[in-house]
$ cat work39.txt   # compact mmCIF, C-alpha atoms
# COMPACT_ATOMS: atom_id res chain seq x y z
CA MET E 9 -6.77 10.41 19.17
CA GLU E 10 -3.79 12.32 20.51
CA ILE E 11 -1.37 14.43 18.45
CA TYR E 12 1.65 12.32 19.48
CA GLN E 13 -0.15 9.22 18.17
CA ALA E 14 -0.76 10.94 14.83
CA LEU E 15 2.90 11.98 14.66
CA ILE E 16 4.17 8.50 15.44
CA LEU E 17 1.85 6.86 12.91
CA GLY E 18 2.73 9.49 10.29
CA ILE E 19 6.43 8.81 10.80
CA ILE E 20 5.84 5.05 10.59
CA GLN E 21 3.85 5.52 7.38
CA GLY E 22 6.54 7.73 5.88
CA LEU E 23 9.34 5.33 6.76
CA THR E 24 7.63 2.11 5.73
CA GLU E 25 5.56 3.00 2.67
CA LEU E 26 8.33 3.05 0.09
CA LEU E 27 10.25 0.12 1.58
CA PRO E 28 9.46 -3.49 0.68
CA ILE E 29 7.67 -3.93 4.00
CA SER E 30 4.02 -3.46 4.84
CA SER E 31 3.15 0.00 6.07
CA SER E 32 -0.44 -1.15 6.58
CA ALA E 33 0.71 -3.96 8.88
CA HIS E 34 2.75 -1.54 10.94
CA LEU E 35 -0.18 0.89 11.13
CA GLN E 36 -2.35 -1.89 12.54
CA LEU E 37 0.24 -3.45 14.82
CA ILE E 38 1.57 -0.34 16.60
CA PRO E 39 -1.85 0.93 17.84
CA TRP E 40 -2.76 -2.61 18.91
CA ILE E 41 0.48 -2.98 20.93
CA PHE E 42 -0.03 0.36 22.69
CA GLN E 43 -3.83 -0.07 22.92
CA TRP E 44 -4.55 3.14 21.04
CA ASN E 45 -8.01 3.72 19.67
CA ILE E 46 -7.26 5.00 16.17
CA PRO E 47 -10.16 5.64 13.77
CA GLU E 48 -9.99 3.74 10.49
CA SER E 49 -10.39 7.04 8.66
CA PHE E 50 -6.98 8.13 9.94
CA ASP E 51 -5.35 5.10 8.32
CA VAL E 52 -7.09 6.02 5.07
CA ALA E 53 -5.91 9.64 5.42
CA LEU E 54 -2.30 8.50 5.91
CA HIS E 55 -2.44 6.38 2.76
CA ALA E 56 -4.17 9.18 0.82
CA GLY E 57 -1.41 11.56 1.88
CA THR E 58 1.22 9.10 0.71
CA LEU E 59 -0.58 8.65 -2.60
CA LEU E 60 -0.74 12.42 -3.09
CA ALA E 61 2.97 12.84 -2.28
CA ILE E 62 3.96 10.08 -4.71
CA ALA E 63 1.64 11.42 -7.41
CA ILE E 64 3.17 14.89 -7.10
CA PHE E 65 6.76 13.61 -6.97
CA PHE E 66 6.33 11.34 -10.01
CA PHE E 67 3.89 13.59 -11.89
CA LYS E 68 6.10 14.03 -14.98
CA ASP E 69 6.78 10.30 -15.11
CA TRP E 70 3.06 9.49 -14.91
CA ILE E 71 2.33 11.94 -17.73
CA GLN E 72 5.01 10.27 -19.90
CA LEU E 73 3.59 6.82 -19.14
CA ILE E 74 0.03 7.90 -19.93
CA LYS E 75 1.13 9.57 -23.19
CA GLY E 76 3.10 6.47 -24.14
CA GLY E 77 0.13 4.21 -23.40
CA TYR E 78 -2.15 6.41 -25.47
CA LYS E 79 0.30 6.51 -28.40
CA LYS E 80 0.73 2.73 -28.28
CA VAL E 81 -3.01 2.08 -28.63
CA VAL E 82 -4.20 4.98 -30.78
CA LYS E 83 -1.20 5.88 -32.92
CA LYS E 84 0.47 2.43 -32.87
CA GLU E 85 3.78 4.03 -31.81
CA ASP E 86 5.95 1.71 -29.75
CA SER E 87 7.95 3.10 -26.83
CA THR E 88 9.29 1.99 -23.48
CA GLU E 89 6.80 4.25 -21.71
CA GLY E 90 3.89 2.80 -23.72
CA ARG E 91 4.86 -0.78 -22.91
CA MET E 92 5.47 0.09 -19.25
CA PHE E 93 2.03 1.76 -18.97
CA TRP E 94 0.23 -1.30 -20.31
CA TYR E 95 2.35 -3.66 -18.18
CA ILE E 96 1.23 -1.67 -15.12
CA VAL E 97 -2.42 -1.85 -16.23
CA ILE E 98 -2.20 -5.60 -16.88
CA ALA E 99 -0.43 -6.29 -13.56
CA THR E 100 -2.99 -4.24 -11.64
CA ILE E 101 -5.98 -6.32 -12.75
CA PRO E 102 -5.01 -9.68 -11.15
CA ALA E 103 -3.62 -7.87 -8.10
CA GLY E 104 -6.98 -6.13 -7.63
CA ILE E 105 -8.95 -9.34 -8.06
CA LEU E 106 -6.65 -11.21 -5.65
CA SER E 107 -7.01 -8.37 -3.16
CA LEU E 108 -10.81 -8.64 -3.22
CA VAL E 109 -10.70 -12.41 -2.81
CA LEU E 110 -8.17 -12.32 0.04
CA ASP E 111 -10.19 -9.61 1.79
CA LYS E 112 -13.21 -11.92 1.89
CA VAL E 113 -11.06 -14.89 2.97
CA THR E 114 -9.52 -12.96 5.86
CA GLU E 115 -12.95 -11.76 6.98
CA ILE E 116 -14.11 -15.37 7.15
CA LEU E 117 -10.93 -16.71 8.79
CA PHE E 118 -10.48 -14.03 11.43
CA ASP E 119 -14.17 -13.33 12.08
CA GLY E 120 -13.39 -10.34 14.30
CA ARG E 121 -10.63 -12.12 16.28
CA LEU E 122 -8.15 -9.26 16.51
CA GLU E 123 -5.52 -11.25 18.43
CA LEU E 124 -5.34 -13.87 15.68
CA GLU E 125 -5.11 -11.16 13.03
CA MET E 126 -2.25 -9.44 14.89
CA LEU E 127 -0.46 -12.77 15.28
CA VAL E 128 -0.62 -13.39 11.53
CA ILE E 129 0.57 -9.83 10.83
CA SER E 130 3.46 -10.21 13.28
CA ILE E 131 4.57 -13.57 11.89
CA SER E 132 4.32 -12.24 8.32
CA LEU E 133 6.49 -9.22 9.19
CA ILE E 134 9.08 -11.45 10.87
CA VAL E 135 9.19 -13.89 7.93
CA MET E 136 9.52 -11.06 5.39
CA GLY E 137 12.22 -9.46 7.53
CA ILE E 138 14.18 -12.71 7.49
CA ILE E 139 13.71 -13.08 3.73
CA LEU E 140 14.83 -9.50 3.12
CA TYR E 141 17.83 -9.95 5.41
$ encode --input "work39.txt" --output "structure tokens"
Amino acid sequence: MEIYQALILGIIQGLTELLPISSSAHLQLIPWIFQWNIPESFDVALHAGTLLAIAIFFFKDWIQLIKGGYKKVVKKEDSTEGRMFWYIVIATIPAGILSLVLDKVTEILFDGRLELEMLVISISLIVMGIILY
């Protein structure tokens, strides 16, 4: 992997992660278009870096949410932060289950056919772009 590839993918990750578009799709599509051989661990490292940056930036907010969630359950104190914390927890459970199911479905459907996978990613990005426009 070359340094310019890492820079380009890092910029793409930084620009697309916090927008309502798929950074993961872009991180798969760009190397495929340019026929770069990017290790999967680099994709994981980019997402871990993003997670770390977001965790640091919103650290105080996360602490308030966690405190509010704790107070709501243990001390029975109601607050916006407490409700928001538990809404996040509740919303994460079905999203996680759906993610596991869809992962298995895509493995079966694509069965290692990278071109088909890239076609679906491309069409999905175009459709979402039109919807967002």
$ closest_atom_pairs --input "work39.txt" --of "region 24-125 of chain E" --to "region 130-140 of chain E" --cutoff "12 Å" --atoms "all atoms listed in the file" --output "CSV"
residue,atom,partner,partner_atom,distance
E:Thr24,CA,E:Leu133,CA,11.9
E:Leu27,CA,E:Leu140,CA,10.8
E:Pro28,CA,E:Leu140,CA,8.4
E:Ile29,CA,E:Met136,CA,7.5
E:Ser30,CA,E:Leu133,CA,7.6
E:Ser31,CA,E:Leu133,CA,10.3
E:Ser32,CA,E:Leu133,CA,11.0
E:Ala33,CA,E:Leu133,CA,7.8
E:His34,CA,E:Leu133,CA,8.7
E:Leu35,CA,E:Ser130,CA,11.9
E:Gln36,CA,E:Ser130,CA,10.2
E:Leu37,CA,E:Ser130,CA,7.6
E:Ile38,CA,E:Ser130,CA,10.6
E:Trp40,CA,E:Ser130,CA,11.3
E:Ile41,CA,E:Ser130,CA,10.9
E:Glu123,CA,E:Ser130,CA,10.4
E:Leu124,CA,E:Ser130,CA,9.8
E:Glu125,CA,E:Ser130,CA,8.6
$ residues_around --input "work39.txt" --residues "region 49-64 of chain E" --least-positions-apart "3" --cutoff "9 Å" --atoms "only C-alpha atoms" --output "list in words"
Ala14, Leu17, Gly18, Gln21, Gly22, Glu25, Ser32, Leu35, Gln36, Ile46, Phe67, Lys68 and Trp70 of chain E
$ atom_distance --input "work39.txt" --atom1 "CA of Met126 (chain E)" --atom2 "CA of Met9 (chain E)"
20.8 Å
$ closest_residue --input "work39.txt" --among "E:Gln72, E:Lys112, E:Ile11, E:Pro102" --to "Glu89 (chain E)" --atoms "all atoms listed in the file"
E:Gln72
$ atom_distance --input "work39.txt" --atom1 "CA of Gly77 (chain E)" --atom2 "CA of Ala99 (chain E)"
14.4 Å
$ atom_distance --input "work39.txt" --atom1 "CA of Lys80 (chain E)" --atom2 "CA of Ile105 (chain E)"
25.5 Å
